[in-house]
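Peer 1: Input file: work34.pdb. Contents: PDB, C-alpha atoms.
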```pdb
MODEL        1
ATOM      1  CA  MET A 161     -48.969 -33.721  35.523
ATOM      2  CA  PRO A 162     -48.334 -30.008  36.005
ATOM      3  CA  SER A 163     -51.297 -27.638  36.212
ATOM      4  CA  LEU A 164     -51.632 -23.863  36.060
ATOM      5  CA  ASP A 165     -53.864 -21.662  38.182
ATOM      6  CA  ARG A 166     -54.057 -17.919  38.764
ATOM      7  CA  GLN A 167     -54.525 -15.882  41.941
ATOM      8  CA  ASP A 168     -54.946 -12.205  41.058
ATOM      9  CA  ASN A 169     -51.685 -11.268  39.304
ATOM     10  CA  VAL A 170     -49.847 -14.429  40.301
ATOM     11  CA  PHE A 171     -49.828 -17.564  38.178
ATOM     12  CA  VAL A 172     -49.275 -20.702  40.255
ATOM     13  CA  LEU A 173     -47.717 -23.621  38.398
ATOM     14  CA  ASP A 174     -48.160 -26.841  40.373
ATOM     15  CA  LEU A 175     -45.565 -29.352  39.204
ATOM     16  CA  GLY A 176     -47.519 -32.327  40.562
ATOM     17  CA  ASP A 177     -47.818 -34.565  43.612
ATOM     18  CA  GLY A 178     -45.267 -37.275  42.803
ATOM     19  CA  GLU A 179     -41.511 -37.071  42.360
ATOM     20  CA  ASN A 180     -42.103 -34.617  39.501
ATOM     21  CA  ARG A 181     -39.270 -36.025  37.442
ATOM     22  CA  PHE A 182     -38.538 -34.535  34.037
ATOM     23  CA  HIS A 183     -40.405 -36.995  31.810
ATOM     24  CA  PRO A 184     -40.707 -35.637  28.250
ATOM     25  CA  ASP A 185     -44.487 -35.289  28.638
ATOM     26  CA  TRP A 186     -43.955 -33.399  31.902
ATOM     27  CA  LEU A 187     -41.457 -31.092  30.194
ATOM     28  CA  THR A 188     -43.961 -30.422  27.410
ATOM     29  CA  ALA A 189     -46.685 -29.583  29.939
ATOM     30  CA  VAL A 190     -44.423 -27.185  31.853
ATOM     31  CA  ASP A 191     -43.354 -25.500  28.633
ATOM     32  CA  ALA A 192     -47.000 -25.013  27.600
ATOM     33  CA  ALA A 193     -47.781 -23.470  30.989
ATOM     34  CA  LEU A 194     -44.866 -21.054  30.677
ATOM     35  CA  THR A 195     -46.104 -20.061  27.222
ATOM     36  CA  GLU A 196     -49.520 -19.237  28.670
ATOM     37  CA  VAL A 197     -47.947 -17.135  31.424
ATOM     38  CA  GLU A 198     -45.636 -15.334  29.019
ATOM     39  CA  LYS A 199     -48.440 -14.509  26.569
ATOM     40  CA  ALA A 200     -50.651 -13.021  29.287
ATOM     41  CA  GLU A 201     -50.801  -9.246  29.483
ATOM     42  CA  GLY A 202     -50.487  -6.793  32.337
ATOM     43  CA  PRO A 203     -48.900  -7.219  35.766
ATOM     44  CA  ARG A 204     -48.085 -10.830  36.505
ATOM     45  CA  ALA A 205     -45.605 -13.087  38.244
ATOM     46  CA  LEU A 206     -45.085 -16.828  38.584
ATOM     47  CA  VAL A 207     -44.910 -19.143  41.573
ATOM     48  CA  THR A 208     -43.809 -22.720  40.886
ATOM     49  CA  ALA A 209     -45.104 -25.040  43.593
ATOM     50  CA  ALA A 210     -45.805 -28.728  44.140
ATOM     51  CA  THR A 211     -47.729 -30.953  46.520
ATOM     52  CA  GLY A 212     -46.513 -33.951  48.449
ATOM     53  CA  LYS A 213     -43.059 -35.073  49.538
ATOM     54  CA  PHE A 214     -41.137 -33.700  46.537
ATOM     55  CA  TRP A 215     -40.859 -30.397  44.712
ATOM     56  CA  SER A 216     -38.849 -32.181  42.026
ATOM     57  CA  ASN A 217     -36.449 -35.108  41.964
ATOM     58  CA  GLY A 218     -34.920 -34.061  38.652
ATOM     59  CA  LEU A 219     -34.174 -36.087  35.546
ATOM     60  CA  ASP A 220     -36.303 -39.104  34.699
ATOM     61  CA  LEU A 221     -33.504 -41.662  34.867
ATOM     62  CA  ASP A 222     -35.819 -44.604  34.124
ATOM     63  CA  TRP A 223     -36.909 -42.959  30.874
ATOM     64  CA  LEU A 224     -33.293 -42.204  29.998
ATOM     65  CA  LEU A 225     -32.262 -45.833  30.518
ATOM     66  CA  ALA A 226     -35.074 -46.947  28.237
ATOM     67  CA  HIS A 227     -34.245 -44.354  25.561
ATOM     68  CA  ALA A 228     -30.447 -44.196  25.481
ATOM     69  CA  ASP A 229     -30.530 -43.158  21.817
ATOM     70  CA  ARG A 230     -32.363 -39.941  22.749
ATOM     71  CA  HIS A 231     -30.021 -38.836  25.526
ATOM     72  CA  GLN A 232     -28.748 -35.696  23.791
ATOM     73  CA  GLU A 233     -32.228 -34.695  22.600
ATOM     74  CA  TYR A 234     -33.504 -35.042  26.162
ATOM     75  CA  VAL A 235     -30.718 -32.951  27.682
ATOM     76  CA  VAL A 236     -31.360 -30.220  25.105
ATOM     77  CA  CYS A 237     -35.000 -30.085  26.253
ATOM     78  CA  VAL A 238     -33.973 -29.885  29.912
ATOM     79  CA  HIS A 239     -31.503 -27.110  29.150
ATOM     80  CA  GLN A 240     -34.202 -25.251  27.228
ATOM     81  CA  LEU A 241     -36.440 -25.346  30.299
ATOM     82  CA  PHE A 242     -33.669 -23.927  32.476
ATOM     83  CA  ALA A 243     -32.940 -21.188  29.936
ATOM     84  CA  ARG A 244     -36.574 -20.276  29.542
ATOM     85  CA  MET A 245     -37.200 -20.031  33.272
ATOM     86  CA  LEU A 246     -34.007 -18.044  33.801
ATOM     87  CA  SER A 247     -34.975 -15.457  31.185
ATOM     88  CA  LEU A 248     -38.755 -15.166  31.617
ATOM     89  CA  PRO A 249     -39.838 -11.497  31.482
ATOM     90  CA  ILE A 250     -41.595 -11.813  34.828
ATOM     91  CA  VAL A 251     -40.468 -12.388  38.403
ATOM     92  CA  THR A 252     -40.485 -16.079  39.302
ATOM     93  CA  VAL A 253     -40.584 -17.631  42.768
ATOM     94  CA  ALA A 254     -40.024 -21.308  43.588
ATOM     95  CA  ALA A 255     -42.091 -22.532  46.543
ATOM     96  CA  LEU A 256     -40.093 -25.533  47.796
ATOM     97  CA  GLN A 257     -42.387 -27.514  50.071
ATOM     98  CA  GLY A 258     -40.469 -30.787  49.699
ATOM     99  CA  HIS A 259     -37.281 -32.451  48.498
ATOM    100  CA  THR A 260     -35.576 -30.548  45.680
ATOM    101  CA  PHE A 261     -32.838 -32.677  44.127
ATOM    102  CA  ALA A 262     -30.491 -32.730  41.142
ATOM    103  CA  ALA A 263     -32.048 -31.146  38.047
ATOM    104  CA  GLY A 264     -34.987 -30.179  40.251
ATOM    105  CA  ALA A 265     -32.591 -28.138  42.377
ATOM    106  CA  MET A 266     -31.195 -26.593  39.191
ATOM    107  CA  LEU A 267     -34.705 -25.657  38.068
ATOM    108  CA  SER A 268     -35.229 -23.934  41.408
ATOM    109  CA  LEU A 269     -32.045 -21.929  40.794
ATOM    110  CA  ALA A 270     -33.412 -20.796  37.431
ATOM    111  CA  HIS A 271     -36.139 -18.943  39.372
ATOM    112  CA  ASP A 272     -35.497 -15.437  40.609
ATOM    113  CA  LEU A 273     -36.362 -16.237  44.228
ATOM    114  CA  ARG A 274     -36.865 -19.315  46.388
ATOM    115  CA  VAL A 275     -38.917 -19.983  49.530
ATOM    116  CA  MET A 276     -38.250 -23.297  51.295
ATOM    117  CA  ARG A 277     -39.837 -25.235  54.108
ATOM    118  CA  ALA A 278     -37.713 -24.809  57.226
ATOM    119  CA  ASP A 279     -38.339 -28.001  59.198
ATOM    120  CA  ARG A 280     -38.221 -30.838  56.657
ATOM    121  CA  GLY A 281     -37.009 -31.556  53.144
ATOM    122  CA  PHE A 282     -33.636 -31.165  51.504
ATOM    123  CA  TRP A 283     -32.126 -29.212  48.634
ATOM    124  CA  CYS A 284     -29.310 -31.231  47.083
ATOM    125  CA  LEU A 285     -27.126 -31.672  44.006
ATOM    126  CA  PRO A 286     -26.256 -35.398  44.353
ATOM    127  CA  GLU A 287     -24.435 -35.825  41.038
ATOM    128  CA  ALA A 288     -21.043 -36.520  42.647
ATOM    129  CA  ASP A 289     -22.607 -39.363  44.628
ATOM    130  CA  ILE A 290     -24.597 -40.925  41.785
ATOM    131  CA  GLY A 291     -21.868 -40.680  39.150
ATOM    132  CA  ILE A 292     -23.525 -38.254  36.744
ATOM    133  CA  PRO A 293     -21.366 -35.242  35.816
ATOM    134  CA  PHE A 294     -22.947 -31.841  35.387
ATOM    135  CA  THR A 295     -23.283 -30.719  31.789
ATOM    136  CA  PRO A 296     -21.574 -27.434  30.858
ATOM    137  CA  GLY A 297     -24.981 -25.768  30.891
ATOM    138  CA  MET A 298     -25.842 -27.106  34.310
ATOM    139  CA  SER A 299     -22.488 -26.032  35.723
ATOM    140  CA  ALA A 300     -22.905 -22.557  34.278
ATOM    141  CA  LEU A 301     -26.403 -22.203  35.730
ATOM    142  CA  ILE A 302     -25.402 -23.335  39.214
ATOM    143  CA  GLN A 303     -22.290 -21.190  39.343
ATOM    144  CA  SER A 304     -24.184 -18.125  38.121
ATOM    145  CA  ARG A 305     -26.803 -18.392  40.865
ATOM    146  CA  LEU A 306     -24.777 -19.435  43.909
ATOM    147  CA  ALA A 307     -21.834 -17.883  45.703
ATOM    148  CA  PRO A 308     -18.571 -19.600  44.673
ATOM    149  CA  ARG A 309     -18.075 -21.347  48.025
ATOM    150  CA  THR A 310     -21.644 -22.643  48.077
ATOM    151  CA  ALA A 311     -21.496 -23.748  44.450
ATOM    152  CA  HIS A 312     -18.289 -25.653  45.158
ATOM    153  CA  GLU A 313     -19.625 -27.312  48.286
ATOM    154  CA  SER A 314     -22.983 -28.267  46.789
ATOM    155  CA  MET A 315     -21.492 -29.616  43.549
ATOM    156  CA  VAL A 316     -18.422 -31.395  44.955
ATOM    157  CA  THR A 317     -19.716 -32.781  48.269
ATOM    158  CA  ALA A 318     -23.389 -33.352  47.321
ATOM    159  CA  ARG A 319     -24.366 -31.836  50.675
ATOM    160  CA  ARG A 320     -28.031 -32.034  51.623
ATOM    161  CA  TYR A 321     -29.201 -28.644  52.827
ATOM    162  CA  GLY A 322     -32.223 -28.303  55.073
ATOM    163  CA  GLY A 323     -34.253 -25.132  54.790
ATOM    164  CA  LEU A 324     -32.415 -23.135  57.441
ATOM    165  CA  ASP A 325     -28.996 -24.191  56.136
ATOM    166  CA  ALA A 326     -30.071 -23.410  52.573
ATOM    167  CA  ALA A 327     -31.139 -19.934  53.629
ATOM    168  CA  ALA A 328     -27.863 -19.370  55.488
ATOM    169  CA  ALA A 329     -25.912 -20.440  52.389
ATOM    170  CA  GLY A 330     -27.920 -18.152  50.104
ATOM    171  CA  ILE A 331     -29.444 -21.049  48.162
ATOM    172  CA  VAL A 332     -32.944 -19.939  49.130
ATOM    173  CA  ASP A 333     -34.146 -16.497  50.110
ATOM    174  CA  ARG A 334     -36.413 -17.527  52.967
ATOM    175  CA  ALA A 335     -37.074 -20.617  55.081
ATOM    176  CA  VAL A 336     -40.542 -20.677  56.624
ATOM    177  CA  ALA A 337     -43.033 -23.032  58.247
ATOM    178  CA  GLU A 338     -44.632 -25.692  56.045
ATOM    179  CA  ASP A 339     -48.014 -23.994  55.959
ATOM    180  CA  ALA A 340     -46.451 -20.666  54.982
ATOM    181  CA  VAL A 341     -44.341 -21.764  52.009
ATOM    182  CA  LEU A 342     -46.910 -21.217  49.268
ATOM    183  CA  SER A 343     -48.533 -18.137  50.781
ATOM    184  CA  THR A 344     -45.144 -16.500  51.324
ATOM    185  CA  ALA A 345     -44.128 -17.242  47.744
ATOM    186  CA  ILE A 346     -47.406 -15.841  46.381
ATOM    187  CA  GLU A 347     -47.137 -12.721  48.533
ATOM    188  CA  THR A 348     -43.558 -12.208  47.371
ATOM    189  CA  ALA A 349     -44.521 -12.690  43.724
ATOM    190  CA  GLN A 350     -47.513 -10.370  44.021
ATOM    191  CA  GLY A 351     -45.237  -7.593  45.213
ATOM    192  CA  GLN A 352     -43.121  -7.957  42.057
ATOM    193  CA  ALA A 353     -45.908  -8.408  39.476
ATOM    194  CA  ALA A 354     -45.720  -4.853  38.156
ATOM    195  CA  LYS A 355     -42.201  -5.493  36.862
ATOM    196  CA  ALA A 356     -43.392  -7.919  34.158
ATOM    197  CA  GLY A 357     -42.507  -6.943  30.632
ATOM    198  CA  ASP A 358     -39.836  -6.501  28.003
ATOM    199  CA  THR A 359     -37.523  -4.425  30.201
ATOM    200  CA  LEU A 360     -37.272  -7.177  32.801
ATOM    201  CA  GLY A 361     -36.759  -9.756  30.072
ATOM    202  CA  THR A 362     -33.921  -7.712  28.602
ATOM    203  CA  ILE A 363     -32.302  -7.268  32.030
ATOM    204  CA  LYS A 364     -32.321 -11.012  32.657
ATOM    205  CA  THR A 365     -31.141 -11.895  29.158
ATOM    206  CA  ARG A 366     -28.188  -9.540  29.408
ATOM    207  CA  MET A 367     -27.395 -10.504  33.003
ATOM    208  CA  TYR A 368     -27.244 -14.208  32.151
ATOM    209  CA  GLY A 369     -26.171 -13.961  28.507
ATOM    210  CA  PRO A 370     -23.172 -16.343  28.774
ATOM    211  CA  VAL A 371     -25.190 -18.898  30.763
ATOM    212  CA  LEU A 372     -28.087 -18.778  28.314
ATOM    213  CA  ALA A 373     -25.694 -19.278  25.406
ATOM    214  CA  VAL A 374     -24.329 -22.458  26.945
ATOM    215  CA  LEU A 375     -27.784 -23.746  27.873
ATOM    216  CA  ARG A 376     -29.024 -23.146  24.325
ATOM    217  CA  ASP A 377     -26.154 -25.009  22.690
ATOM    218  CA  THR A 378     -27.775 -27.847  20.724
ATOM    219  CA  VAL A 379     -24.546 -29.054  19.060
ATOM    220  CA  ALA A 380     -22.605 -30.269  22.110
ATOM    221  CA  PRO A 381     -24.895 -29.958  25.148
ATOM    222  CA  LEU A 382     -23.115 -32.812  26.925
ATOM    223  CA  GLY A 383     -19.697 -31.189  26.594
TER     224      GLY A 383
ENDMDL
END
```
Here is a file; write its structure as structure tokens.

Peer 2:
Amino acid sequence: MPSLDRQDNVFVLDLGDGENRFHPDWLTAVDAALTEVEKAEGPRALVTAATGKFWSNGLDLDWLLAHADRHQEYVVCVHQLFARMLSLPIVTVAALQGHTFAAGAMLSLAHDLRVMRADRGFWCLPEADIGIPFTPGMSALIQSRLAPRTAHESMVTARRYGGLDAAAAGIVDRAVAEDAVLSTAIETAQGQAAKAGDTLGTIKTRMYGPVLAVLRDTVAPLG
């Protein structure tokens, strides 16, 4: 399960050491951690990290298959996580040490900045290959955070990007050695901690207003 630590002005949210799929209990734990970070006072920033082979493998498809009657409720919760991360009044940095797939890749895009391991691991939106269409909210998020050509390629071809390719495509901001992923993310976040506050929250909310509106739609989240 996710856990929250703090290093000076930087909160470090560790998503876990498994596939870090979006089980409802996992979503609740992440939401509680974000509440703690948001309620804190003074300079602060957030790094979202993980340990092991995966940063996040996205939706918990096994849970969805077992709870088909709660599909819409589940998607609403996932969208709420994306919207919350996208609009947090602090600078957020995703430290991608491992595979970052599907909704996990979308969660990384909801962060302000991304640091990825250069030599191993992939960032990928595999929905076209696995037969799961993007929701309107997911499409809006991806297209708001990636250049049009990259959004098209990643969504339509399900390309797997290694760290260097992801950096070249503008998906991540930096690709570094494995042992430098977390430290680079923390250093980057520390340099932005003084920006935390209502002004930053307002900037993000206005910048991504249309995307947030779609992500917060609870009537027809599936389109």

Peer 1: Just so the selection is clear, what residues does the PyMOL selection byres ((chain A and resi 272-275) around 6) cover here, as an MDAnalysis selection string?

Peer 2: chainID A and resid 252:256 271 276 332:335

Peer 1: Could you tell me, as a list in words, exactly which residues end up selected when the PyMOL selection byres ((chain A and resi 202-206) around 9) is applied to this structure?

Peer 2: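 Checked against the file, the PyMOL selection byres ((chain A and resi 202-206) around 9) matches Asp168, Asn169, Val170, Phe171, Val172, Leu173, Leu194, Val197, Ala200, Glu201, Val207, Thr208, Ile250, Val251, Thr252, Val253, Ala254, Ile346, Ala349, Gln350, Gly351, Gln352, Ala353, Ala354, Lys355, Ala356 and Gly357 of chain A.
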
Peer 1: Evaluated on this file, the PyMOL selection byres ((chain A and resi 262-268) around 8) picks out some residues - which ones are they, written as a list of chain:residue names?

Peer 2: A:Arg181, A:Trp215, A:Ser216, A:Asn217, A:Gly218, A:Leu219, A:Leu241, A:Phe242, A:Met245, A:Ala254, A:Thr260, A:Phe261, A:Leu269, A:Ala270, A:His271, A:Arg274, A:Trp283, A:Cys284, A:Leu285, A:Pro286, A:Glu287, A:Met298, A:Leu301, A:Ile302

Peer 1: Which residue is closest to Ala210 (chain A)? Choose from A:Arg319, A:His183, A:His259, A:His239 and count all atoms listed in the file.

Peer 2: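 Residue with the minimum atom-to-atom distance to Ala210 (chain A): A:His259.
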
Peer 1: State, in Å with one decimal place, the distance from CA of Gly258 (chain A) to CA of Ala288 (chain A).

Peer 2: 21.4 Å

Peer 1: Just how far from CA of Ala326 (chain A) is CA of Ser247 (chain A), in Å to one decimal?

Peer 2: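 Straight-line distance from CA of Ser247 (chain A) to CA of Ala326 (chain A) works out to 23.3 Å.
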
Peer 1: Fewer than 6 positions away in the same chain doesn't count, so skip those; otherwise give me all residues within 12 Å of Thr188 (chain A), counting only C-alpha atoms, as a list of chain:residue names.

Peer 2: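 Residues meeting the cut-off are A:Met161, A:Pro162, A:Ser163, A:Leu175, A:Phe182, A:Leu194, A:Thr195, A:Tyr234, A:Cys237, A:Val238, A:Gln240, A:Leu241.
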
Peer 1: Considering only C-alpha atoms, return as a PyMOL selection string whatever protein or nucleic-acid residues lie within 12 Å of Thr365 (chain A), sequence-local ones (same chain, fewer than 3 positions apart) excluded.

Peer 2: chain A and resi 243-250+358-362+368-373

Peer 1: I'd like the interatomic distance between CA of Glu196 (chain A) and CA of Ala209 (chain A), to a tenth of an Å.

Peer 2: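 Between CA of Glu196 (chain A) and CA of Ala209 (chain A) the gap is 16.6 Å.
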
Peer 1: Compile the contact shell of Val316 (chain A) as JSON, numbers by chain: residues with an atom at most 12 Å away, counting only C-alpha atoms, same-chain residues fewer than 3 positions apart removed.

Peer 2: {"A": [284, 285, 286, 287, 288, 289, 290, 291, 292, 293, 294, 299, 308, 309, 310, 311, 312, 313, 319, 320]}

Peer 1: Which residue out of A:Asp325, A:Asp339, A:Glu347, A:Asp229 has the minimum interatomic distance to Thr211 (chain A) when all atoms listed in the file are used?

Peer 2: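 The answer is A:Asp339, which sits nearest to Thr211 (chain A).
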
Peer 1: Select, from A:Ser314, A:Ala327, A:Thr295, A:Leu164, the residue with the minimum atom-to-atom distance to Gln232 (chain A), counting only C-alpha atoms.

Peer 2: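 Of all the options, A:Thr295 lies closest to Gln232 (chain A).
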
Peer 1: Edge lengths and centre in Å to one decimal, as JSON, of the axis-aligned box that encloses all listed atoms of region 292-309 of chain A with 8 Å added on every side?

Peer 2:
```
{"center_x": -22.4, "center_y": -28.1, "center_z": 39.4, "size_x": 24.7, "size_y": 36.4, "size_z": 33.2}
```

Peer 1: Quick one: of A:Gly281, A:Gly297, A:Gly323, A:Gly176, who's nearest to Val235 (chain A), counting only C-alpha atoms?

Peer 2: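 Among the listed residues, A:Gly297 lies closest to Val235 (chain A).
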
Peer 1: Quick one: region 253-270 of chain A from the block, N, CA, C and O atoms, as a compact mmCIF listing (two decimals), in the first residue's frame.

Peer 2:
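The new file result.txt reads:
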```txt
# COMPACT_ATOMS: atom_id res chain seq x y z
N VAL A 253 6.21 16.02 -8.80
CA VAL A 253 7.19 15.38 -9.67
C VAL A 253 7.01 13.87 -9.58
O VAL A 253 7.02 13.31 -8.48
N ALA A 254 6.85 13.20 -10.70
CA ALA A 254 6.75 11.75 -10.75
C ALA A 254 8.14 11.16 -10.98
O ALA A 254 8.81 11.53 -11.95
N ALA A 255 8.56 10.28 -10.10
CA ALA A 255 9.86 9.62 -10.20
C ALA A 255 9.63 8.21 -10.73
O ALA A 255 9.31 7.29 -9.97
N LEU A 256 9.80 8.03 -12.04
CA LEU A 256 9.41 6.79 -12.72
C LEU A 256 10.59 5.84 -12.80
O LEU A 256 11.37 5.85 -13.74
N GLN A 257 10.70 4.97 -11.80
CA GLN A 257 11.82 4.04 -11.73
C GLN A 257 11.54 2.74 -12.48
O GLN A 257 12.45 1.94 -12.70
N GLY A 258 10.27 2.52 -12.87
CA GLY A 258 9.89 1.27 -13.50
C GLY A 258 8.78 1.47 -14.51
O GLY A 258 8.45 2.60 -14.88
N HIS A 259 8.18 0.37 -14.96
CA HIS A 259 7.15 0.42 -15.98
C HIS A 259 6.00 1.34 -15.55
O HIS A 259 5.52 1.27 -14.40
N THR A 260 5.54 2.15 -16.48
CA THR A 260 4.47 3.12 -16.21
C THR A 260 3.47 2.97 -17.36
O THR A 260 3.69 3.48 -18.45
N PHE A 261 2.38 2.24 -17.10
CA PHE A 261 1.47 1.83 -18.16
C PHE A 261 0.05 2.32 -17.91
O PHE A 261 -0.39 2.47 -16.77
N ALA A 262 -0.66 2.55 -19.02
CA ALA A 262 -2.10 2.78 -19.02
C ALA A 262 -2.48 3.91 -18.05
O ALA A 262 -1.93 5.00 -18.14
N ALA A 263 -3.40 3.65 -17.14
CA ALA A 263 -3.81 4.69 -16.21
C ALA A 263 -2.65 5.14 -15.33
O ALA A 263 -2.65 6.27 -14.83
N GLY A 264 -1.66 4.28 -15.14
CA GLY A 264 -0.45 4.70 -14.43
C GLY A 264 0.29 5.77 -15.20
O GLY A 264 0.78 6.75 -14.64
N ALA A 265 0.37 5.59 -16.53
CA ALA A 265 0.99 6.61 -17.37
C ALA A 265 0.20 7.91 -17.33
O ALA A 265 0.76 9.01 -17.32
N MET A 266 -1.14 7.79 -17.29
CA MET A 266 -1.97 8.99 -17.19
C MET A 266 -1.75 9.70 -15.86
O MET A 266 -1.70 10.94 -15.81
N LEU A 267 -1.61 8.93 -14.78
CA LEU A 267 -1.34 9.56 -13.49
C LEU A 267 -0.01 10.30 -13.52
O LEU A 267 0.12 11.39 -12.96
N SER A 268 0.97 9.74 -14.21
CA SER A 268 2.26 10.44 -14.32
C SER A 268 2.08 11.76 -15.06
O SER A 268 2.72 12.76 -14.72
N LEU A 269 1.20 11.79 -16.07
CA LEU A 269 0.97 13.02 -16.82
C LEU A 269 0.24 14.06 -15.98
O LEU A 269 0.34 15.27 -16.28
N ALA A 270 -0.48 13.64 -14.96
CA ALA A 270 -1.17 14.59 -14.09
C ALA A 270 -0.19 15.32 -13.16
O ALA A 270 -0.57 16.30 -12.52
```
